[in-house]
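Text of input_21.txt, listed as compact mmCIF, C-alpha atoms:
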# COMPACT_ATOMS: atom_id res chain seq x y z
CA MET X 221 14.33 57.21 -53.01
CA SER X 222 10.68 56.48 -52.32
CA TYR X 223 8.25 59.33 -51.87
CA ASP X 224 5.33 56.97 -51.32
CA VAL X 225 5.79 57.12 -47.57
CA ALA X 226 4.84 59.74 -44.99
CA GLY X 227 5.48 58.64 -41.40
CA GLN X 228 4.12 55.10 -41.24
CA SER X 229 1.60 55.78 -44.01
CA TYR X 230 2.02 54.49 -47.57
CA ALA X 231 0.45 55.92 -50.74
CA LEU X 232 -0.36 53.22 -53.29
CA THR X 233 -1.49 54.14 -56.81
CA VAL X 234 -2.07 51.45 -59.45
CA LEU X 235 -3.17 51.90 -63.07
CA THR X 236 -4.41 48.75 -64.83
CA PRO X 237 -5.85 48.31 -68.34
CA ILE X 238 -9.48 47.22 -68.53
CA VAL X 239 -10.26 44.42 -70.98
CA ALA X 240 -11.98 46.00 -73.98
CA GLY X 241 -15.73 45.54 -73.75
CA GLN X 242 -15.77 44.97 -69.99
CA GLU X 243 -15.75 48.62 -68.93
CA SER X 244 -19.50 48.81 -68.28
CA ALA X 245 -19.58 45.55 -66.35
CA LEU X 246 -16.74 46.78 -64.15
CA GLN X 247 -18.39 50.11 -63.56
CA SER X 248 -21.72 48.46 -62.69
CA HIS X 249 -19.96 46.18 -60.26
CA LEU X 250 -18.06 49.01 -58.55
CA ARG X 251 -21.05 51.32 -58.33
CA GLY X 252 -23.22 48.51 -57.05
CA LEU X 253 -21.03 47.67 -54.06
CA ARG X 254 -23.27 48.06 -51.04
CA ARG X 255 -20.54 47.51 -48.48
CA SER X 256 -16.95 48.38 -49.18
CA PRO X 257 -14.60 45.38 -49.14
CA PHE X 258 -11.99 47.63 -47.56
CA ALA X 259 -14.03 47.58 -44.36
CA ASP X 260 -12.46 44.13 -43.95
CA ALA X 261 -8.93 45.34 -44.77
CA PRO X 262 -8.14 47.05 -41.46
CA ARG X 263 -4.96 48.86 -42.58
CA THR X 264 -6.86 50.94 -45.14
CA HIS X 265 -7.54 54.59 -44.24
CA PHE X 266 -8.93 55.58 -47.63
CA ALA X 267 -9.26 53.75 -50.93
CA ARG X 268 -10.86 54.34 -54.31
CA TRP X 269 -11.39 52.71 -57.67
CA VAL X 270 -11.79 55.12 -60.57
CA ILE X 271 -12.37 54.25 -64.21
CA VAL X 272 -10.54 56.58 -66.62
CA PRO X 273 -12.15 56.27 -70.07
CA GLN X 274 -9.74 58.81 -71.59
CA PRO X 275 -7.69 61.71 -70.28
CA ALA X 276 -9.39 65.00 -71.10
CA TYR X 277 -8.39 66.89 -74.21
CA GLN X 278 -7.56 70.55 -73.57
CA GLY X 279 -7.80 71.86 -77.12
CA PRO X 280 -4.95 73.41 -79.18
CA PRO X 281 -2.01 73.73 -78.83
CA MET X 282 -2.33 70.33 -77.14
CA ARG X 283 -2.50 67.54 -79.68
CA PRO X 284 -5.06 64.78 -79.13
CA ASP X 285 -3.57 61.93 -77.11
CA PRO X 286 -6.10 59.11 -77.10
CA TRP X 287 -5.22 56.08 -75.01
CA LYS X 288 -5.89 52.69 -76.57
CA SER X 289 -7.53 51.20 -73.49
CA GLN X 290 -9.66 52.43 -70.66
CA TYR X 291 -7.88 52.20 -67.32
CA LEU X 292 -8.75 51.45 -63.72
CA ILE X 293 -7.04 53.56 -61.09
CA PHE X 294 -6.78 52.05 -57.64
CA SER X 295 -5.38 54.12 -54.83
CA ALA X 296 -5.12 53.56 -51.11
CA CYS X 297 -3.68 55.30 -48.06
CA LEU X 298 -2.53 52.39 -45.96
CA ASP X 299 -0.68 51.56 -42.77
CA GLY X 300 2.84 50.17 -42.90
CA GLU X 301 4.69 48.69 -45.81
CA LEU X 302 3.20 47.66 -49.12
CA ASP X 303 3.93 43.96 -49.56
CA SER X 304 2.32 42.79 -46.34
CA TYR X 305 -0.70 44.97 -47.19
CA LEU X 306 -1.02 43.33 -50.60
CA ALA X 307 -0.77 39.92 -48.95
CA GLU X 308 -3.56 40.96 -46.57
CA LEU X 309 -5.79 41.99 -49.45
CA CYS X 310 -5.40 38.48 -50.87
CA GLU X 311 -6.01 36.85 -47.53
CA LEU X 312 -8.86 39.00 -46.23
CA ILE X 313 -10.77 40.21 -49.28
CA GLY X 314 -9.43 38.06 -52.11
CA PRO X 315 -12.80 37.29 -53.75
CA ASP X 316 -13.75 40.98 -53.57
CA VAL X 317 -10.60 42.23 -55.28
CA ASP X 318 -10.84 39.39 -57.83
CA ALA X 319 -14.38 40.55 -58.70
CA VAL X 320 -12.90 43.94 -59.64
CA TRP X 321 -9.54 43.19 -61.25
CA ARG X 322 -10.77 40.17 -63.19
CA HIS X 323 -11.94 42.81 -65.68
CA CYS X 324 -8.33 43.97 -66.14
CA VAL X 325 -5.76 42.63 -68.60
CA GLY X 326 -3.21 40.24 -67.13
CA TYR X 327 -4.72 40.01 -63.66
CA PRO X 328 -3.47 36.78 -62.09
CA GLY X 329 -5.99 36.48 -59.24
CA SER X 330 -5.52 36.63 -55.49
CA ALA X 331 -5.15 32.86 -55.06
CA ASP X 332 -1.49 33.39 -55.92
CA PRO X 333 -0.46 36.25 -53.59
CA ALA X 334 3.05 36.49 -55.09
CA ALA X 335 1.62 36.93 -58.60
CA PHE X 336 -0.93 39.42 -57.26
CA ALA X 337 1.88 41.46 -55.68
CA ARG X 338 3.92 41.33 -58.91
CA TYR X 339 0.92 42.61 -60.86
CA MET X 340 0.38 45.49 -58.46
CA HIS X 341 4.07 46.42 -58.49
CA HIS X 342 4.23 46.21 -62.27
CA ASN X 343 1.33 48.65 -62.64
CA ARG X 344 2.18 50.92 -59.71
CA ILE X 345 2.56 54.65 -60.27
CA PRO X 346 5.21 56.09 -57.94
CA THR X 347 4.21 59.04 -55.78
CA GLU X 348 5.92 62.37 -56.23
CA VAL X 349 4.57 64.12 -53.12
CA TYR X 350 2.45 62.51 -50.42
CA PHE X 351 0.72 64.62 -47.80
CA ALA X 352 -0.73 62.99 -44.68
CA ALA X 353 -2.33 65.12 -41.97
CA TYR X 354 -1.62 62.46 -39.33
CA PRO X 355 1.15 60.34 -40.84
CA ASP X 356 2.05 58.40 -37.70
CA ALA X 357 -1.45 57.23 -36.75
CA THR X 358 -2.73 53.85 -37.87
CA VAL X 359 -6.39 53.20 -38.66
CA ALA X 360 -6.73 51.38 -35.33
CA GLN X 361 -5.18 54.31 -33.46
CA VAL X 362 -7.42 56.83 -35.21
CA ARG X 363 -10.54 54.83 -34.38
CA GLU X 364 -9.43 54.35 -30.78
CA ALA X 365 -8.70 58.07 -30.41
CA LEU X 366 -12.08 59.05 -31.86
CA ALA X 367 -13.83 56.71 -29.44
CA ARG X 368 -11.73 58.05 -26.55
CA ARG X 369 -12.58 61.63 -27.40
CA ASP X 370 -16.30 60.82 -27.40
CA GLU X 371 -15.93 59.01 -24.10
CA VAL X 372 -14.08 61.93 -22.51
CA VAL X 373 -16.60 64.47 -23.78
CA ASN X 374 -19.50 62.44 -22.38
CA PHE X 375 -17.66 62.02 -19.09
CA ALA X 376 -16.89 65.75 -18.85
CA VAL X 377 -20.56 66.58 -19.34
CA ALA X 378 -21.67 63.97 -16.80
CA VAL X 379 -19.33 65.13 -14.01
CA GLN X 380 -19.91 68.85 -14.39
CA GLY X 381 -20.45 70.44 -10.97
CA LEU X 382 -19.50 67.36 -8.95
CA GLY X 383 -17.30 67.68 -5.86
CA ASN X 384 -13.83 66.15 -5.74
CA ASP X 385 -14.87 62.88 -4.10
CA ASP X 386 -17.78 62.23 -6.46
CA LEU X 387 -15.63 63.16 -9.45
CA HIS X 388 -12.95 60.73 -8.35
CA ARG X 389 -15.49 57.95 -7.80
CA ARG X 390 -17.00 58.47 -11.25
CA TRP X 391 -13.51 58.52 -12.78
CA LYS X 392 -12.70 55.16 -11.24
CA GLU X 393 -16.01 53.74 -12.44
CA GLN X 394 -15.41 54.96 -15.96
CA PHE X 395 -11.69 54.59 -16.45
CA GLY X 396 -10.49 52.44 -13.52
CA GLY X 397 -7.41 53.16 -11.43
CA MET Z 210 -22.42 59.93 -55.33
CA GLY Z 211 -19.18 58.06 -55.95
CA ASN Z 212 -16.96 60.80 -54.61
CA VAL Z 213 -18.55 60.89 -51.16
CA CYS Z 214 -18.28 58.53 -48.19
CA GLY Z 215 -19.86 60.02 -45.08
CA ARG Z 216 -18.12 63.33 -44.49
CA ALA Z 217 -15.19 62.39 -46.73
CA THR Z 218 -14.93 63.55 -50.33
CA ALA Z 219 -12.62 62.25 -53.05
CA ILE Z 220 -11.13 64.25 -55.87
CA THR Z 221 -9.16 62.62 -58.70
CA VAL Z 222 -7.59 64.76 -61.42
CA LEU Z 223 -5.39 63.91 -64.41
CA THR Z 224 -3.85 66.70 -66.52
CA PRO Z 225 -1.44 66.64 -69.50
CA ILE Z 226 1.84 68.50 -68.98
CA ARG Z 227 3.41 70.58 -71.75
CA PRO Z 228 6.40 68.47 -72.87
CA TRP Z 229 8.96 71.24 -72.52
CA LEU Z 230 7.79 71.95 -68.96
CA VAL Z 231 7.93 68.38 -67.61
CA ARG Z 232 11.35 68.87 -66.06
CA LEU Z 233 10.30 72.16 -64.52
CA SER Z 234 7.13 70.54 -63.21
CA ARG Z 235 9.16 67.76 -61.62
CA LEU Z 236 11.38 70.38 -60.02
CA GLY Z 237 8.28 72.02 -58.62
CA PHE Z 238 7.59 68.84 -56.70
CA VAL Z 239 11.09 68.64 -55.29
CA LEU Z 240 10.47 71.81 -53.32
CA PRO Z 241 7.64 70.53 -51.10
CA ARG Z 242 9.84 67.59 -50.16
CA LYS Z 243 12.77 69.84 -49.30
CA ILE Z 244 10.94 72.78 -47.78
CA PRO Z 245 8.49 71.79 -45.04
CA TRP Z 246 6.61 75.09 -45.09
CA MET Z 247 5.11 74.19 -48.44
CA THR Z 248 3.37 71.11 -47.09
CA GLU Z 249 2.67 73.02 -43.87
CA ALA Z 250 0.36 75.18 -45.97
CA LEU Z 251 -1.65 72.05 -46.77
CA ARG Z 252 -1.67 71.15 -43.09
CA LYS Z 253 -3.10 74.55 -42.23
CA LEU Z 254 -6.01 73.97 -44.57
CA SER Z 255 -7.04 71.45 -41.88
CA PHE Z 256 -9.67 69.63 -43.90
CA ILE Z 257 -7.34 67.37 -45.89
CA HIS Z 258 -6.75 63.86 -44.58
CA PHE Z 259 -4.39 62.68 -47.33
CA ALA Z 260 -3.35 64.00 -50.74
CA ARG Z 261 -0.85 62.93 -53.38
CA TRP Z 262 0.67 63.94 -56.69
CA SER Z 263 2.26 61.57 -59.20
CA PHE Z 264 3.59 61.74 -62.74
CA VAL Z 265 2.20 59.23 -65.25
CA ASP Z 266 4.99 59.19 -67.82
CA HIS Z 267 4.46 55.66 -69.12
CA ILE Z 268 1.73 53.06 -69.00
CA PRO Z 269 2.89 49.55 -68.10
CA TYR Z 270 2.20 46.83 -70.64
CA ASN Z 271 0.45 43.69 -69.42
CA GLY Z 272 0.42 41.62 -72.59
CA LEU Z 273 -2.45 40.99 -74.99
CA PRO Z 274 -5.23 41.99 -75.35
CA GLN Z 275 -3.83 45.30 -74.04
CA ARG Z 276 -2.39 47.31 -76.91
CA PRO Z 277 0.92 48.95 -75.99
CA GLU Z 278 0.47 52.61 -75.08
CA HIS Z 279 2.83 55.37 -76.07
CA PRO Z 280 1.26 58.48 -74.55
CA ARG Z 281 2.29 61.67 -76.24
CA TYR Z 282 2.30 63.51 -72.91
CA THR Z 283 3.31 63.04 -69.31
CA TYR Z 284 0.26 63.41 -67.07
CA LEU Z 285 0.00 64.86 -63.60
CA PHE Z 286 -2.15 62.76 -61.30
CA PHE Z 287 -3.65 64.39 -58.23
CA GLU Z 288 -5.93 62.95 -55.61
CA SER Z 289 -7.19 64.19 -52.30
CA ASN Z 290 -9.26 62.80 -49.45
CA PHE Z 291 -10.87 65.69 -47.62
CA ASN Z 292 -13.95 66.71 -45.72
CA GLY Z 293 -16.39 69.39 -46.76
CA THR Z 294 -17.76 70.28 -50.13
CA TRP Z 295 -15.94 70.25 -53.44
CA ASP Z 296 -16.64 73.98 -53.90
CA ASP Z 297 -15.17 74.92 -50.52
CA TYR Z 298 -12.12 72.80 -51.26
CA ILE Z 299 -11.33 74.45 -54.58
CA ASP Z 300 -12.13 77.89 -53.13
CA SER Z 301 -9.57 77.30 -50.38
CA PHE Z 302 -6.87 76.24 -52.79
CA SER Z 303 -7.61 79.26 -54.94
CA TYR Z 304 -7.63 81.83 -52.16
CA VAL Z 305 -5.12 80.42 -49.67
CA MET Z 306 -2.36 79.11 -51.93
CA PRO Z 307 -2.72 80.35 -55.52
CA GLY Z 308 1.07 80.40 -55.94
CA ARG Z 309 1.33 76.76 -54.98
CA MET Z 310 -1.48 75.93 -57.43
CA ARG Z 311 0.40 77.68 -60.23
CA LEU Z 312 3.52 75.72 -59.34
CA THR Z 313 1.45 72.51 -59.40
CA TRP Z 314 -0.69 72.92 -62.51
CA GLY Z 315 1.00 75.82 -64.30
CA SER Z 316 2.88 73.34 -66.51
CA SER Z 317 -0.32 71.60 -67.61
CA TYR Z 318 -2.19 72.45 -70.79
CA GLY Z 319 -5.23 74.60 -70.27
CA PHE Z 320 -4.51 75.74 -66.72
CA PRO Z 321 -6.17 79.15 -66.41
CA GLY Z 322 -4.55 80.13 -63.09
CA ALA Z 323 -5.99 79.63 -59.62
CA LYS Z 324 -7.61 83.08 -59.60
CA PRO Z 325 -10.31 83.94 -60.38
CA VAL Z 326 -11.78 80.76 -58.99
CA GLY Z 327 -14.50 80.25 -61.65
CA PRO Z 328 -12.21 79.21 -64.54
CA PHE Z 329 -10.07 77.22 -62.09
CA LYS Z 330 -13.14 75.21 -61.04
CA ASP Z 331 -14.08 74.68 -64.68
CA TYR Z 332 -10.57 73.39 -65.31
CA ILE Z 333 -10.73 70.91 -62.43
CA VAL Z 334 -14.19 69.73 -63.50
CA HIS Z 335 -12.92 69.19 -67.05
CA ASN Z 336 -10.03 67.01 -65.86
CA GLU Z 337 -11.66 65.25 -62.93
CA PHE Z 338 -12.86 61.65 -62.79
CA GLU Z 339 -15.61 60.57 -60.47
CA ALA Z 340 -14.73 57.67 -58.21
CA ASP Z 341 -16.67 54.51 -58.97
CA HIS Z 342 -16.02 53.35 -55.43
CA PHE Z 343 -14.70 55.36 -52.50
CA TYR Z 344 -13.98 54.15 -48.96
CA SER Z 345 -13.11 55.86 -45.70
CA ALA Z 346 -12.30 53.89 -42.55
CA TYR Z 347 -13.84 56.62 -40.39
CA PRO Z 348 -16.42 58.32 -42.59
CA ASP Z 349 -18.00 60.39 -39.82
CA ALA Z 350 -14.75 62.07 -38.81
CA THR Z 351 -13.33 65.23 -40.32
CA ALA Z 352 -9.55 65.67 -40.51
CA SER Z 353 -9.76 68.20 -37.65
CA MET Z 354 -11.72 65.73 -35.55
CA VAL Z 355 -9.04 63.09 -36.11
CA LEU Z 356 -6.24 65.48 -35.17
CA SER Z 357 -8.13 66.60 -32.06
CA ALA Z 358 -8.92 63.04 -31.06
CA LEU Z 359 -5.26 62.05 -31.36
CA ALA Z 360 -4.28 65.06 -29.20
CA VAL Z 361 -6.91 64.11 -26.61
CA GLN Z 362 -5.74 60.52 -26.62
CA ARG Z 363 -2.10 61.51 -25.99
CA ARG Z 364 -3.02 63.92 -23.19
CA PHE Z 365 -5.49 61.43 -21.72
CA GLU Z 366 -2.72 58.86 -21.29
CA VAL Z 367 -0.70 61.46 -19.38
CA LEU Z 368 -3.73 62.21 -17.22
CA ARG Z 369 -4.33 58.55 -16.51
CA ASP Z 370 -0.71 58.09 -15.42
CA ARG Z 371 -0.89 61.11 -13.13
CA VAL Z 372 -4.14 60.24 -11.34
CA GLY Z 373 -3.21 56.63 -10.62
CA GLY Z 374 -3.02 56.46 -6.81
CA ALA Z 375 -3.80 60.18 -6.45
CA SER Z 376 -6.13 61.61 -3.80
CA SER Z 377 -9.51 62.99 -4.84
CA LYS Z 378 -8.20 66.52 -4.55
CA GLU Z 379 -5.12 65.75 -6.66
CA MET Z 380 -7.26 63.91 -9.19
CA ALA Z 381 -9.63 66.89 -9.50
CA ILE Z 382 -6.71 69.27 -10.07
CA GLU Z 383 -5.32 67.03 -12.80
CA TRP Z 384 -8.75 66.65 -14.42
CA ARG Z 385 -9.26 70.42 -14.57
CA ALA Z 386 -5.78 70.86 -16.01
CA PHE Z 387 -6.66 68.26 -18.65
CA LEU Z 388 -9.87 70.08 -19.55
CA ARG Z 389 -8.01 73.39 -19.74
CA ASP Z 390 -5.31 71.93 -22.00
CA MET Z 391 -7.77 70.08 -24.24
CA GLN Z 392 -10.55 72.66 -24.34
CA ARG Z 393 -10.21 73.36 -28.05
CA HIS Z 394 -10.08 69.65 -28.91
CA LEU Z 395 -13.25 68.57 -27.09
Rewrite the coordinates I just gave you, this time as structure tokens.
Amino acid sequence: MSYDVAGQSYALTVLTPIVAGQESALQSHLRGLRRSPFADAPRTHFARWVIVPQPAYQGPPMRPDPWKSQYLIFSACLDGELDSYLAELCELIGPDVDAVWRHCVGYPGSADPAAFARYMHHNRIPTEVYFAAYPDATVAQVREALARRDEVVNFAVAVQGLGNDDLHRRWKEQFGG
Amino acid sequence: MGNVCGRATAITVLTPIRPWLVRLSRLGFVLPRKIPWMTEALRKLSFIHFARWSFVDHIPYNGLPQRPEHPRYTYLFFESNFNGTWDDYIDSFSYVMPGRMRLTWGSSYGFPGAKPVGPFKDYIVHNEFEADHFYSAYPDATASMVLSALAVQRRFEVLRDRVGGASSKEMAIEWRAFLRDMQRHL
């Protein structure tokens, strides 16, 4: 059973090994992004890339557990099912994701969407518990609702104190019908 | 700062679980799936957009030059997308749901308990990784704003249906009813 889903929302977590010696270049690239590529991937609510040099050591009685590579965590809260989302990443922001994952071992590139999807699935970390405050709302619906709320607030302020006829006229002007 | 995008903040935490408590830890995550009130507590915190927990019990091998990994421990991965400050977030977890925090991280090495909050914050800082890139599709909106906007949108559609073809008097009555119903969301 999959616990990656809440409502229509999907939690994707991917852990990929960074090619030794390319950690700094990857970090510079990620930290230098002026505009997020996910702005062009419209099913993405939230996304992050995080470099994990090593998990933290807690001291005894824990024994040191050094990992042999540094890893890149990618996570996203996305609308709908995973495979079509991965295909969209290739189609809409392929060069952007290539510029990141080309620093990771075994990355096949976005030019081959099937290979890209296999790579993401191979390195996916399943979710144990996924919490979504508004699991049924897509990015488009959230944005539309936020714009509607602003519109309604502005309208409510503008029509304060108006009589019924003027209120109705302003309503029709603003919202039609 | 990598962890901030507008009003949204990211937190990413990875902690090693004591081997003999891995099964118990997994059981601790069955409960929130079975008992809605446990995730309802998160909902009541009202400043969390999305959060997740995962177990990292193996690291996939991708061929050379990656060297195969055989981690000694299973790790608990936690991430959250929330609004507000990091301090307020950890304070809330500590004060509102310390039992849930113990259930979550009690199996991990070094967990000092959720109270007092000082050592708990130190523990999170020690095990946290700063995001190198963080994106929010609606960076100016808090989780409460999104929930309110969705409520307004639903009620607005009802209003629009009701006032279609209505007289001015009927329309005004419906509009006032809408404002009354949506007062706390506007």
(Q) At a cut-off of 8 Å, which residues of chain X touch chain Z? Count only C-alpha atoms and give the answer as JSON, numbers by chain. (A) {"X": [231, 235, 237, 239, 240, 247, 250, 251, 253, 256, 258, 259, 264, 265, 266, 267, 268, 269, 270, 271, 272, 275, 276, 278, 279, 282, 285, 286, 287, 288, 289, 297, 325, 326, 342, 343, 345, 346, 347, 348, 349, 350, 351, 352, 353, 354, 359, 362, 363, 365, 366, 368, 369, 373, 384, 385, 387, 388, 397]}
Q: Tell me, as a PyMOL selection string, which residues lie within 10 Å of X:Tyr327, counting all atoms listed in the file; anything in the same chain fewer than 6 positions away does not count.
A: (chain X and resi 236-238+318+320-321+335-336+338-340) or (chain Z and resi 271)
Please write the residues from the selection above to a file, keeping C-alpha atoms, as a PDB file, in the frame of the given file.
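Wrote it out as selection_5.pdb, contents follow:
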ATOM      1  CA  THR X 236      -4.410  48.750 -64.830  1.00  0.00           C
ATOM      2  CA  PRO X 237      -5.850  48.310 -68.340  1.00  0.00           C
ATOM      3  CA  ILE X 238      -9.480  47.220 -68.530  1.00  0.00           C
ATOM      4  CA  ASP X 318     -10.840  39.390 -57.830  1.00  0.00           C
ATOM      5  CA  VAL X 320     -12.900  43.940 -59.640  1.00  0.00           C
ATOM      6  CA  TRP X 321      -9.540  43.190 -61.250  1.00  0.00           C
ATOM      7  CA  ALA X 335       1.620  36.930 -58.600  1.00  0.00           C
ATOM      8  CA  PHE X 336      -0.930  39.420 -57.260  1.00  0.00           C
ATOM      9  CA  ARG X 338       3.920  41.330 -58.910  1.00  0.00           C
ATOM     10  CA  TYR X 339       0.920  42.610 -60.860  1.00  0.00           C
ATOM     11  CA  MET X 340       0.380  45.490 -58.460  1.00  0.00           C
TER      12      MET X 340
ATOM     13  CA  ASN Z 271       0.450  43.690 -69.420  1.00  0.00           C
TER      14      ASN Z 271
END
Q: One decimal, Å: what's the distance from atom CA of Z:Ser301 over to atom CA of Z:Gly315, could you say?
A: 17.5 Å
Q: Quick one: everything within 9 Å of X:Ala357, counting all atoms listed in the file, minus sequence neighbours fewer than 4 positions away in the same chain. Send it as a PyMOL selection string.
A: (chain X and resi 227-229+299+361-362) or (chain Z and resi 359)
Q) How far is it from atom CA of X:Ala319 to atom CA of X:Leu302, in Å with one decimal? A)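 Interatomic distance here is 21.2 Å.
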Dump C-alpha atoms of stretch 290-321 of chain Z from the given block, as an mmCIF file, in the first residue's frame.
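Once written, part24.cif looks like this:
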data_model
loop_
_atom_site.group_PDB
_atom_site.id
_atom_site.type_symbol
_atom_site.label_atom_id
_atom_site.label_comp_id
_atom_site.auth_asym_id
_atom_site.auth_seq_id
_atom_site.Cartn_x
_atom_site.Cartn_y
_atom_site.Cartn_z
ATOM 1 C CA ASN Z 290 6.782 23.099 4.521
ATOM 2 C CA PHE Z 291 5.361 25.680 6.891
ATOM 3 C CA ASN Z 292 4.954 29.387 7.420
ATOM 4 C CA GLY Z 293 6.431 31.374 10.263
ATOM 5 C CA THR Z 294 9.779 31.157 11.923
ATOM 6 C CA TRP Z 295 11.774 28.045 12.688
ATOM 7 C CA ASP Z 296 11.720 28.877 16.421
ATOM 8 C CA ASP Z 297 7.932 29.217 16.527
ATOM 9 C CA TYR Z 298 7.588 25.945 14.656
ATOM 10 C CA ILE Z 299 9.723 23.926 17.047
ATOM 11 C CA ASP Z 300 8.130 25.685 20.045
ATOM 12 C CA SER Z 301 4.694 24.599 18.824
ATOM 13 C CA PHE Z 302 5.729 21.002 18.373
ATOM 14 C CA SER Z 303 7.293 21.023 21.823
ATOM 15 C CA TYR Z 304 4.374 22.590 23.654
ATOM 16 C CA VAL Z 305 1.361 21.339 21.695
ATOM 17 C CA MET Z 306 2.285 17.729 20.968
ATOM 18 C CA PRO Z 307 5.277 16.564 23.030
ATOM 19 C CA GLY Z 308 3.860 13.020 23.185
ATOM 20 C CA ARG Z 309 3.675 12.814 19.426
ATOM 21 C CA MET Z 310 7.266 14.096 19.196
ATOM 22 C CA ARG Z 311 8.423 11.362 21.567
ATOM 23 C CA LEU Z 312 6.611 8.785 19.458
ATOM 24 C CA THR Z 313 8.305 10.221 16.353
ATOM 25 C CA TRP Z 314 11.891 10.753 17.484
ATOM 26 C CA GLY Z 315 12.034 8.776 20.724
ATOM 27 C CA SER Z 316 13.568 5.837 18.847
ATOM 28 C CA SER Z 317 16.374 7.968 17.413
ATOM 29 C CA TYR Z 318 19.800 8.275 18.986
ATOM 30 C CA GLY Z 319 20.323 11.447 20.948
ATOM 31 C CA PHE Z 320 16.696 12.547 21.210
ATOM 32 C CA PRO Z 321 16.499 14.542 24.449
#
